[in-house]
Structure formats: C-alpha cells, structure tokens
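Everything on this sheet refers to the single structure shown next.
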Amino acid sequence: GNSVVTERGSTGGWFTVVESGLVISPEDVAVDVRGNVYVADTGSNRVLMLPLGTSNMTTFVIQAEDFDLGGEGVGYHDTTVGNEGGAYRLAEDVDILQVSNAGQRYCVGWTAPGEWMRYTVTVPTSGTFTVKTIFGAVGSGGAFHIEVDGTNVTGSLAVPNTGGWTTWASVSSPGITLSAGQHVFGLFLNAAGSGGFVGTCDYMEFSITSFSPGAQTPYGGVAWAVPGSVEIEDFDVGGQAIAYSDTTAGNEGGAYRGAEDVDIAGHASANNGNCIGWTKAGEWLEYTINVASSTNYTIRSRVASLGAGGTFHYQIDGTNVTGSLTVPNTGGWYNWQNVSTANVAIAAGQHVLRLAMDTVGASGFVGALDTITLSTVAASVQAPYGGVAWVMPGTVEVENFDTGGQTVAYSDTTGGNEGGAYRGAEDVDIAGHASANNGNCIGWTKAGEWLEYTINVVTPGSYVLQARVASLGAGGTFHIELDGTNVTGSLTVPNTGDWFSWQIRSSGNVSIGAGQHVMRLSLDSNGALGYVGAFDYVRMMTQTPYGGVPWTVPGAVNVENFDVGGQGLSYSDTTGGNAGGSYRTGEDVDIAFDSTASNNQSVGWTKAGEWMEYTITNAAPGPYVIQTRVASVGLGGTFHIELDGTNVAGPMLVPNTGGWSAWTTVN
C-alpha cells in the first residue's frame with residue numbers, strides 16, 4: 001500500500017501525505033474529490049486510505065490546486081502569466097508550489113486580490129456543512145470568500161498570521177446548506193495582507209453537521225420513457241429511505257454512484273456497463289417513469305445468480321403489480337437471463353416504479369440485476385416469418401422462427417442478439433457461418449429457451465423430425481413439440497468437435513395430421529460448456545425411393561441410391577457429412593467416386609451400427625439369392641440384410657480382397 005508520513009504543524013492540526021500524491025484529510029474521516037476515503041488511525045499515528053468503493057457520506061475535500069480544466073477565465077483567473085511556483089500543472093497560470101507538509105504536497109501561493117479558482121464537485125449528501133479552509137501567511141493575511149453555484153456562502157473570511165507561508169491554520173465557516181449532486185465551488189481572493197498576498201491555500205474541507213432529506217427526482221432529471229428500458233443503477237435521486245432502501249452502508253461494488261449506499265458493480269456484460277448486486281431481502285429501489293399510453297405491458301428483468309436466486313416484485317405507485325418473481329440459477333453473477341411477467345396494466349402519465357427485494361436465495365442474495373424493460377403486449381402477434389407457413393414435409397431454417405417477439409414467438413434468456421447476424425432486432429442469438437445450410441444458425445442456447453415455427457403439413461402420415469446440431473464438448477438436451485405436445489421425447493446434442501461441425505439428431509416415427517400446426521423447438525438442459533448446442537435446421541421427412549420409383553427385383557440396387565428421408569429415417573451414419581465427397585453430398589452417407597464400381601460410386605468408411613434402406617418391389621414371390629459386392633483391405637467386418645425389419649441374410653463376412661476397389665461377391 002501507500003506509506004504515510006504524518007507531521008504536526010504549528011496550528012496543532014494533523015497534516016499527512018500519501019506517497020502517491022493523493023490527498024489525506026486532517027480529520028478523523030474524509031474523502032477527496034477523486035472519491036478516495038481516509039480515516040485516522042490514532043493508535044499508530046497514521047492516516048489510512050480505505051479500499052476502493054468505501055463510501056463516506058459526511059466529509060469531502062477540495063484541493064486548491066485541483067481547479068477545473070478550461071484555462072484562464074474558465075477554470076480560474078490569475079493576474080500574472082505563468083506558474084510562479086513551477087509545480088504540478090505547469091501549463092496553467094495559477095501559481096502552485098510543492099511542499100512536504102501540504103495535503104497533496106502542493107498548494108497555491110502568490111495569491112492576489114481579484115484572482116479565483118473554480119471546482120466542479122459532486123456533493124455526496126444533502127445537509128448543512130462547515131467548511132474549513134487551510135491557509136498560511138507571513139504577517140496578517142488577506143481576505144477571501146467561497147461561492148457555490150455563483151452564490152457567496154461564507155461572506156468575507158480573514159487569513160490569520162500563521163508565521164509562515166506553509167505553516168497552516170484553518171479558517172472555519174459554518175451553516176452552509178448544500179444539496180446532494182453536482183455543484184461548482186469557487187475560491188475567491190478578495191484582499192491582500194501585510195505580506196502583499198492573500199495567503200497560501202492548501203485545501204477546503206466540507207464536513208456535514210446535519211442531514212437534509214432529499215426530494216425524490218428522476219436520475220438525470222428526466223423520467224424514464226415507457227415503453228422502453230430502465231438501467232437498474234439509474235434509480236431516483238433522493239438517497240436512503242427516499243429513492244432507495246439498502247440494508248448495508250456504502251456502495252459495496254464501488255462503481256458508478258459511489259456516494260450512495262446501493263451496491264453497484266461495473267462489468268462489461270451489463271447493458272450499460274453497470275449492474276446492482278449484493279441484494280438483500282427488504283431492500284428496494286425506485287424509478288420515476290413516464291408512460292406513453294394506458295395499456296398492458298410486459299415487464300422484463302435481466303437477472304443473474306450463482307446458485308438459486310431469491311424473489312422480488314414490482315410496485316407501481318405503491319401497488320404490487322407483478323406478484324412474486326424468482327431469480328433462477330444462471331450459473332454465474334454475470335450470466336444473464338430474462339424474467340418476464342406480462343399483462344401489467346399501467347395508466348398513461350408519470351408513476352413511481354419500485355423494484356422490491358423479497359427473499360434471498362441459496363447464495364445469500366436475491367440476485368444481480370441489470371436492466372428493466374417495459375414493452376407493450378398488444379404489439380406481439382405471432383405469424384410465420386415471411387408471412388407464409390412452412391410447407392411440410394420439408395426443412396425449416398431455425399433462424400426463421402415466427403414473428404411476434406419475446407414470450408410470443410420465442411423465449412430467450414438474454415437480451416439482444418449475441419451473434420449479431422440476420423435478425424438483429426430480436427433477442428434470439430444468430431450467428432452467420434458458411435457451414436450452415438442457409439448461412440445462418442442459432443447458438444448461445446440456454447435451458448428454458450424455445451422457438452416456434454408455423455408449418456403446413458400437406459399430407460397426413462408418419463414422419464421423422466430431424467435437427468441439424470453441433471457442439472464443442474458434450475451438448476445438452478432438447479425436444480420438439482407440435483401444438484403443445486412433445487412428439488420426439490428428449491434428444492441429445494452430441495460432442496461434434498466444434499460449434500460448426502454438424503450432425504443430425506432424429507426422432508422416431510411421428511404421426512402428424514394434415515393442415516397448419518405450430519412446431520416448437522424447446523431447449524431443456526445445458527451441456528458441458530453451459531449451452532445446449534448450435535442449431536442449423538429442423539426438417540420433417542417421410543421415406544421415399546431415390547428417384548421416386550422403387551427398385552424392382554429380381555434386379556440390382558446401387559448402394560449409393562438409398563431412399564430419400566435423411567439421417568435416422570432412410571439411413572443412419574455415425575459421422576457427420578459425406579466423407580467421400582461424391583454424388584449425394586448433402587447426406588451423411590460416405591460416398592466415393594470409383595471407376596471400378598458398377599455405377600462409378602461406392603459407399604465406404606462404414607462403421608458398426610450404420611445402416612441404409614431401399615424401397616423395392618418384387619415382381620414375383622419365391623426364394624431369392626442376395627448377392628452383395630464388397631471390398632476390403634485386410635479382413636473386413638460383418639453385415640446383414642433385413643426385409644421389412646426382419647433379418648433375412650446374415651451375418652455375412654467381408655473378406656480380405658486386397659484393396660478397397662478389388663471387388664468380390666458375397667452370397
């Protein structure tokens with residue numbers, strides 16, 4: 001930490017210096033204009049600077065040399081050119097000298113009548129203050145006064161003879177009433193003393209003698225517009241028990257509004273760089289809002305909690321309008337999710353919105369809070385994206401969820417589109433990537449989120465629902481609903497090795513009637529990295545012969561011409577993509593070009609558990625011989641053939657043919 005040197009001056013007051021050059025107050029507790037707080041440790045004869053974020057509501061210090069920027073006629077007026085002391089702010093005309101026994105090692109000297117300096121300061125608390133101005137003079141000093149916002153608040157004050165220009169004494173003036181907030185202070189030098197100058201000035205210290213309750217007003221002076229968003233840290237001005245109630249003294253986060261007792265943390269994940277934490281049951285904050293029109297609103301809160309959070313509610317003009325709302329376990333104090341409540345009737349005009357903390361969670365706190373958003377309910381009407389329901393069987397790009405917005409067409413636990421692609425005004429997180437089927441996919445998916453799609457099924461029948469998914473690490477689980485019914489059961493996103501290495505996950509057969517339906521993609525549990533997975537598309541498939549006509553037997557079936565229907569329906573392949581890169585490249589079956597094969601194509605990279613299906617029609621009943629043309633380098637594995645689900649041939653062994661294109665027939 002900073003070492004502290006303490007000296008006793010001839011006036012009997014304590015004067016201390018921190019080696020970093022920051023101010024130490026001569027009183028028991030003080031705060032400088034930079035927000036640093038100091039306390040006297042009389043036991044060890046030291047003055048200590050408290051940790052960043054410590055709040056002091058009673059005293060603040062203005063160093064004479066820390067006048068405002070702006071130069072001559074703006075931040076100060078000096079009757080001579082140049083800094084005669086040659087210290088600190090050399091480009092200014094104020095005369096600053098460096099000494100060892102000044103509060104910040106600097107003071108202002110060579111002071112002449114008519115000179116002045118201005119200081120913009122945020123007063124932490126409304127009340128009545130006494131100001132002590134620290135001066136030194138050889139011989140009888142001159143006269144000065146202090147102004148606040150252009151008003152003389154002290155009258156003329158005399159500088160005493162201290163016996164030396166840097167031998168200090170304090171000149172006190174009580175009964176100065178100040179309101180909390182920003183003010184411009186002025187130190188005005190009126191008359192010279194016997195030494196030819198007013199005196200040498202070190203600092204002004206304002207100490208509160210009585211508190212004044214503040215009137216409640218909107219932060220920044222203007223009520224928050226509704227519909228719109230309210231930054232949680234921008235609660236009304238007025239102070240403890242008026243604009244807020246906080247059960248602990250001081251701002252534990254140390255950010256933003258340091259003079260208040262509300263605990264504010266700065267963090268890049270927060271919408272405006274700040275959020276509120278350390279929240280306890282019984283605390284509350286109020287916000288003056290201006291509602292544009294009388295209607296129903298949705299109130300959405302951006303919250304976070306490490307462990308199960310607590311409960312809270314909202315009041316409008318003293319009436320509970322939401323009931324109890326719960327902060328979920330989001331997995332971290334800065335992992336944000338939205339908690340919403342709809343159909344809150346609010347009349348047009350100005351109101352006071354109160355955020356009230358009710359119970360703490362497992363962590364001992366209610367939760368962290370970032371932003372409150374109030375939006376109209378009437379504007380949210382669900383409709384197909386693009387205006388036309390998706391025709392099924394077919395494919396729906398996941399980023400083309402219905403219009404209607406949050407809680408209507410989708411539910412997303414974080415505000416904004418984290419991927420920043422495609423539909424930027426929505427809260428669904430969309431990423432652009434060349435590997436995706438339509439150039440876009442959805443990521444950053446969290447348990448509890450969902451998306452809906454209006455579809456039109458042309459023909460009733462049995463279908464398989466498939467989702468193209470990816471995950472870096474083990475993924476989470478999801479399911480698909482039709483008209484509110486879970487039709488797939490739980491499906492798992494596998495570890496595909498990358499967020500853009502895709503695999504297909506399929507349901508069993510689902511009986512679906514013709515007509516319009518609402519399909520919901522529901523995200524159930526997070527995987528190892530905190531997300532369910534990335535999603536590219538959802539498709540509804542029914543199995544049909546490749547080329548539209550069943551294969552006739554007796555006859556030959558080329559293995560690469562498996563049925564249309566996709567992964568899990570007409571084939572099952574254990575790896576994503578076509579490893580051979582030939583022929584049907586949109587499928588996951590691995591097909592290679594091979595001039596020795598009967599159709600110049602063959603299926604390879606075959607693994608245990610994989611299968612392919614072919615729709616056939618037999619010309620006549622009777623016994624048949626099934627011949628399969630195979631090849632292998634080294635001894636191959638085994639396979640079998642089923643007919644309508646029954647094993648009719650096999651297991652059969654693939655022999656060592658000496659090469660992947662050295663074909664033999666297995667009967």
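Here's how to read the names in the structure tokens: chain A, B, ... by the order shown, residue numbers from 1 in each chain, ligand numbers from 1 in the order shown.
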Tell me, as a VMD selection string, which residues lie within 7 Å of Tyr219 of chain A, counting only C-alpha atoms; anything in the same chain fewer than 2 positions away does not count.
-> chain A and resid 217 221 to 222 234 to 237
Could you save the residues just selected, with C-alpha atoms, as a PDB file, in the first residue's frame?
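Saved file again-v1.pdb follows:
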```pdb
ATOM      1  CA  THR A 217     -36.390  13.193  -8.527  1.00  0.00           C
ATOM      2  CA  GLY A 221     -33.654  14.975 -14.256  1.00  0.00           C
ATOM      3  CA  VAL A 222     -35.978  13.278 -16.761  1.00  0.00           C
ATOM      4  CA  ASP A 234     -30.103   4.818 -12.502  1.00  0.00           C
ATOM      5  CA  PHE A 235     -32.532   4.801  -9.560  1.00  0.00           C
ATOM      6  CA  ASP A 236     -34.020   8.127  -8.498  1.00  0.00           C
ATOM      7  CA  VAL A 237     -32.101  10.827  -6.650  1.00  0.00           C
TER       8      VAL A 237
END
```
Near Trp660 of chain A, counting only C-alpha atoms, which residues have an atom at most 6 Å away, once you skip same-chain residues fewer than 6 positions from it, shown as a JSON list (two decimals) with C-alpha atoms, in the first residue's frame?
```json
[["chain", "number", "residue", "atom", "x", "y", "z"],
["A", 631, "ALA", "CA", -14.15, -54.96, -50.94],
["A", 632, "SER", "CA", -11.69, -54.59, -48.06],
["A", 633, "VAL", "CA", -8.02, -54.07, -47.31]]
```
Given only C-alpha atoms, how would the per-residue table for segment 251-352 of chain A near segment 164-184 of chain A read, listing every residue at most 12 Å away with its closest atom pair and distance in Å to one decimal, sorted by chain and number, as JSON lines?
```
{"residue": "A:Arg257", "atom": "CA", "partner": "A:Gly181", "partner_atom": "CA", "distance": 10.5}
{"residue": "A:Gly258", "atom": "CA", "partner": "A:Gly181", "partner_atom": "CA", "distance": 11.7}
{"residue": "A:Ala259", "atom": "CA", "partner": "A:Ala180", "partner_atom": "CA", "distance": 9.4}
{"residue": "A:Glu260", "atom": "CA", "partner": "A:Ala180", "partner_atom": "CA", "distance": 10.3}
```
Given the selection you just returned, output its residues as a file containing N, CA and C atoms, formatted as a PDB file, in the first residue's frame.
```pdb
ATOM      1  N   ARG A 257     -22.138   5.307  -8.840  1.00  0.00           N
ATOM      2  CA  ARG A 257     -22.643   6.313  -7.905  1.00  0.00           C
ATOM      3  C   ARG A 257     -22.075   6.010  -6.515  1.00  0.00           C
ATOM      4  N   GLY A 258     -20.802   6.354  -6.344  1.00  0.00           N
ATOM      5  CA  GLY A 258     -20.070   5.935  -5.155  1.00  0.00           C
ATOM      6  C   GLY A 258     -20.579   6.515  -3.861  1.00  0.00           C
ATOM      7  N   ALA A 259     -21.298   7.648  -3.910  1.00  0.00           N
ATOM      8  CA  ALA A 259     -21.769   8.269  -2.678  1.00  0.00           C
ATOM      9  C   ALA A 259     -23.052   7.650  -2.151  1.00  0.00           C
ATOM     10  N   GLU A 260     -23.676   6.760  -2.916  1.00  0.00           N
ATOM     11  CA  GLU A 260     -24.917   6.122  -2.486  1.00  0.00           C
ATOM     12  C   GLU A 260     -24.611   4.809  -1.767  1.00  0.00           C
TER      13      GLU A 260
END
```
If we count only C-alpha atoms and set the cut-off at 12 Å, which residues sit around Gly266 of chain A, ignoring sequence neighbours fewer than 3 positions away in its own chain? Please answer as a PDB file with C-alpha atoms, in the first residue's frame.
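Result saved to result-v5.pdb:
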```pdb
ATOM      1  CA  GLY A  53     -15.521   1.717  -3.125  1.00  0.00           C
ATOM      2  CA  GLU A 233     -28.278   1.617 -11.465  1.00  0.00           C
ATOM      3  CA  ASN A 251     -21.526   1.016  -2.207  1.00  0.00           C
ATOM      4  CA  GLU A 252     -20.013  -2.480  -1.941  1.00  0.00           C
ATOM      5  CA  GLY A 253     -19.301  -2.675  -5.672  1.00  0.00           C
ATOM      6  CA  GLY A 254     -17.569   0.693  -5.664  1.00  0.00           C
ATOM      7  CA  ALA A 255     -18.793   1.642  -9.150  1.00  0.00           C
ATOM      8  CA  TYR A 256     -20.747   4.493 -10.724  1.00  0.00           C
ATOM      9  CA  ARG A 257     -22.643   6.313  -7.905  1.00  0.00           C
ATOM     10  CA  GLY A 258     -20.070   5.935  -5.155  1.00  0.00           C
ATOM     11  CA  ASP A 263     -24.226  -1.698  -4.264  1.00  0.00           C
ATOM     12  CA  SER A 269     -21.559  -7.953 -19.633  1.00  0.00           C
ATOM     13  CA  ALA A 270     -24.043  -5.434 -18.226  1.00  0.00           C
ATOM     14  CA  ASN A 271     -26.070  -3.478 -20.773  1.00  0.00           C
ATOM     15  CA  ASN A 272     -24.695  -0.094 -19.721  1.00  0.00           C
ATOM     16  CA  GLY A 273     -21.525  -1.363 -18.065  1.00  0.00           C
ATOM     17  CA  ASN A 274     -23.020  -1.380 -14.555  1.00  0.00           C
ATOM     18  CA  CYS A 275     -25.363  -3.597 -12.564  1.00  0.00           C
ATOM     19  CA  ILE A 276     -26.601  -3.946  -8.995  1.00  0.00           C
ATOM     20  CA  GLY A 277     -25.567  -6.784  -6.698  1.00  0.00           C
ATOM     21  CA  TRP A 333     -23.239 -13.485 -11.321  1.00  0.00           C
ATOM     22  CA  TYR A 334     -22.782 -12.176 -14.869  1.00  0.00           C
ATOM     23  CA  ALA A 368     -27.705  -9.444  -9.607  1.00  0.00           C
ATOM     24  CA  LEU A 369     -29.908  -7.127 -11.696  1.00  0.00           C
ATOM     25  CA  ASP A 370     -29.059  -5.255 -14.879  1.00  0.00           C
TER      26      ASP A 370
END
```
Review point. What lies within 12 Å of Gly136 of chain A using only C-alpha atoms, ignoring chain neighbours under 6 positions off, as a ChimeraX atom specification?
Key: /A:9-11,101-102,107-111,142,158-171,193,195,197-203
Of A:Tyr410, A:Phe312, A:Tyr297, A:Tyr571, the one sitting nearest Val366 of chain A when using only C-alpha atoms is A:Phe312
Polymer residues at most 7 Å from Gln503 of chain A, only C-alpha atoms, same-chain spacing of 5 or more positions, as a ChimeraX atom specification = /A:468-470,496,576
Judged by only C-alpha atoms, the minimum distance to Gly473 of chain A among A:Val532, A:Val74, A:Ala649, A:Ala434 is found for A:Val532
Handout entry: 10 Å contact set for Ile626 of chain A, only C-alpha atoms, chain neighbours under 3 positions out, as an NGL selection string
Key = :A and (554-556 or 623 or 641 or 648-649 or 665-667)
Would you export the selected residues with C-alpha atoms as a PDB file, in the first residue's frame, please?
```pdb
ATOM      1  CA  PRO A 554     -35.064 -59.516 -59.298  1.00  0.00           C
ATOM      2  CA  GLY A 555     -32.520 -56.845 -60.172  1.00  0.00           C
ATOM      3  CA  ALA A 556     -29.628 -54.770 -58.837  1.00  0.00           C
ATOM      4  CA  PRO A 623     -36.918 -67.713 -52.968  1.00  0.00           C
ATOM      5  CA  ILE A 641     -29.713 -57.600 -44.688  1.00  0.00           C
ATOM      6  CA  VAL A 648     -33.176 -62.400 -43.929  1.00  0.00           C
ATOM      7  CA  ALA A 649     -29.465 -62.684 -44.767  1.00  0.00           C
ATOM      8  CA  THR A 665     -19.368 -61.019 -54.304  1.00  0.00           C
ATOM      9  CA  VAL A 666     -20.733 -62.331 -51.005  1.00  0.00           C
ATOM     10  CA  ASN A 667     -23.822 -64.543 -51.458  1.00  0.00           C
TER      11      ASN A 667
END
```
| said: Could you list, as a PyMOL selection string, every residue within 6 Å of Pro384 of chain A, counting only C-alpha atoms and ignoring same-chain residues fewer than 2 positions away? | reply: chain A and resi 387-389+402+454
>> Can you measure atom CA of Thr128 of chain A to atom CA of Phe206 of chain A for me? One decimal in Å is fine.
In response: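 One can read the atom CA of Thr128 of chain A to atom CA of Phe206 of chain A distance as 9.5 Å.
The gap separating atom CA of Asn599 of chain A from atom CA of Leu653 of chain A is 23.3 Å, in Å to one decimal.
Taking only C-alpha atoms into account, Trp444 of chain A lies nearest to A:Gly530 out of the set A:Gly530, A:Gly386, A:Val510, A:Thr341.
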With distances taken over only C-alpha atoms, the candidate from A:Thr628, A:Thr79, A:Asn526, A:Ser511 nearest Val493 of chain A is A:Asn526
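Among A:Ser507, A:Gln601, A:Ser293, A:Thr657, the residue with the shortest atom-to-atom distance to Gln466 of chain A, counting only C-alpha atoms, is A:Ser507.
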Across A:Ile299, A:Glu449, A:Trp390, A:Thr373, the smallest distance to Gly515 of chain A, with only C-alpha atoms counted, is shown by A:Trp390
- request: Can you list, as a PyMOL selection string, all residues belonging to segment 358-539 of chain A that DSSP tags as strand (DSSP E or B)?
  value: chain A and resi 358-359+368-376+383+390-392+394-397+403+406+410-411+430-432+440-442+450-457+461-471+477-482+485-486+491-492+498-512+515-525+534-539
Emit the selected residues as a CSV table (one decimal), in the first residue's frame, including C-alpha atoms.
```
chain,number,residue,atom,x,y,z
A,358,ASP,CA,-38.4,-10.1,-1.0
A,359,THR,CA,-36.3,-13.2,-0.2
A,368,ALA,CA,-27.7,-9.4,-9.6
A,369,LEU,CA,-29.9,-7.1,-11.7
A,370,ASP,CA,-29.1,-5.3,-14.9
A,371,THR,CA,-32.0,-3.8,-16.8
A,372,ILE,CA,-35.8,-3.4,-16.6
A,373,THR,CA,-37.6,-3.3,-19.9
A,374,LEU,CA,-41.3,-2.4,-20.2
A,375,SER,CA,-42.9,-3.2,-23.5
A,376,THR,CA,-46.5,-3.2,-24.8
A,383,ALA,CA,-47.2,-15.0,-37.5
A,390,TRP,CA,-43.5,-23.6,-43.9
A,391,VAL,CA,-44.6,-26.4,-46.2
A,392,MET,CA,-44.0,-29.9,-44.8
A,394,GLY,CA,-39.5,-30.1,-45.8
A,395,THR,CA,-36.9,-28.0,-44.0
A,396,VAL,CA,-37.3,-25.0,-41.7
A,397,GLU,CA,-34.2,-22.9,-41.1
A,403,THR,CA,-42.6,-13.1,-35.8
A,406,GLN,CA,-40.1,-12.4,-26.9
A,410,TYR,CA,-39.7,-17.3,-28.9
A,411,SER,CA,-38.3,-17.1,-25.4
A,430,ILE,CA,-28.0,-15.9,-34.5
A,431,ALA,CA,-24.5,-16.5,-36.0
A,432,GLY,CA,-23.6,-16.3,-39.6
A,440,ASN,CA,-27.1,-18.7,-40.5
A,441,CYS,CA,-27.6,-20.8,-37.4
A,442,ILE,CA,-28.6,-20.3,-33.8
A,450,TRP,CA,-37.7,-22.0,-27.1
A,451,LEU,CA,-38.6,-21.0,-30.7
A,452,GLU,CA,-41.8,-21.6,-32.6
A,453,TYR,CA,-42.5,-22.1,-36.3
A,454,THR,CA,-45.9,-22.1,-38.1
A,455,ILE,CA,-45.9,-25.1,-40.5
A,456,ASN,CA,-48.4,-26.5,-43.0
A,457,VAL,CA,-48.4,-30.3,-43.4
A,461,GLY,CA,-48.8,-39.6,-42.3
A,462,SER,CA,-45.8,-40.9,-40.4
A,463,TYR,CA,-42.9,-38.5,-40.3
A,464,VAL,CA,-39.4,-38.3,-38.8
A,465,LEU,CA,-38.3,-35.0,-37.3
A,466,GLN,CA,-34.7,-34.2,-37.6
A,467,ALA,CA,-32.5,-31.4,-36.2
A,468,ARG,CA,-29.0,-30.5,-37.5
A,469,VAL,CA,-26.9,-29.7,-34.4
A,470,ALA,CA,-23.3,-29.1,-33.3
A,471,SER,CA,-21.4,-28.7,-30.0
A,477,THR,CA,-30.9,-31.9,-24.5
A,478,PHE,CA,-33.9,-30.7,-26.4
A,479,HIS,CA,-37.2,-31.8,-27.8
A,480,ILE,CA,-39.7,-30.8,-30.5
A,481,GLU,CA,-43.4,-30.1,-29.8
A,482,LEU,CA,-46.4,-29.9,-32.2
A,485,THR,CA,-47.4,-31.8,-27.4
A,486,ASN,CA,-43.9,-33.2,-27.1
A,491,LEU,CA,-32.9,-35.7,-27.9
A,492,THR,CA,-29.2,-35.1,-27.1
A,498,ASP,CA,-16.8,-27.9,-33.0
A,499,TRP,CA,-19.7,-25.4,-32.9
A,500,PHE,CA,-19.9,-25.7,-36.7
A,501,SER,CA,-19.3,-29.4,-37.2
A,502,TRP,CA,-22.8,-30.6,-37.8
A,503,GLN,CA,-24.6,-33.9,-37.1
A,504,ILE,CA,-28.3,-34.9,-37.4
A,505,ARG,CA,-30.4,-36.0,-34.5
A,506,SER,CA,-33.7,-37.8,-35.4
A,507,SER,CA,-36.9,-38.7,-33.7
A,508,GLY,CA,-38.8,-41.9,-34.2
A,509,ASN,CA,-41.9,-42.0,-36.4
A,510,VAL,CA,-44.4,-39.3,-35.5
A,511,SER,CA,-48.0,-39.4,-36.8
A,512,ILE,CA,-49.0,-35.9,-38.0
A,515,GLY,CA,-53.0,-28.8,-42.0
A,516,GLN,CA,-51.4,-25.9,-40.1
A,517,HIS,CA,-49.5,-26.6,-36.9
A,518,VAL,CA,-47.2,-24.7,-34.5
A,519,MET,CA,-43.8,-26.5,-34.1
A,520,ARG,CA,-41.7,-25.6,-31.1
A,521,LEU,CA,-38.0,-26.3,-30.6
A,522,SER,CA,-37.6,-26.5,-26.9
A,523,LEU,CA,-34.2,-26.4,-25.2
A,524,ASP,CA,-34.2,-28.5,-22.0
A,525,SER,CA,-30.7,-28.8,-20.4
A,534,ALA,CA,-25.8,-24.9,-32.0
A,535,PHE,CA,-28.8,-25.5,-34.3
A,536,ASP,CA,-29.0,-25.2,-38.1
A,537,TYR,CA,-32.3,-26.5,-39.3
A,538,VAL,CA,-35.3,-28.7,-38.4
A,539,ARG,CA,-36.8,-30.9,-41.1
```
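From atom CA of Asp66 of chain A back to atom CA of Leu187 of chain A, the distance works out to 11.6 Å.
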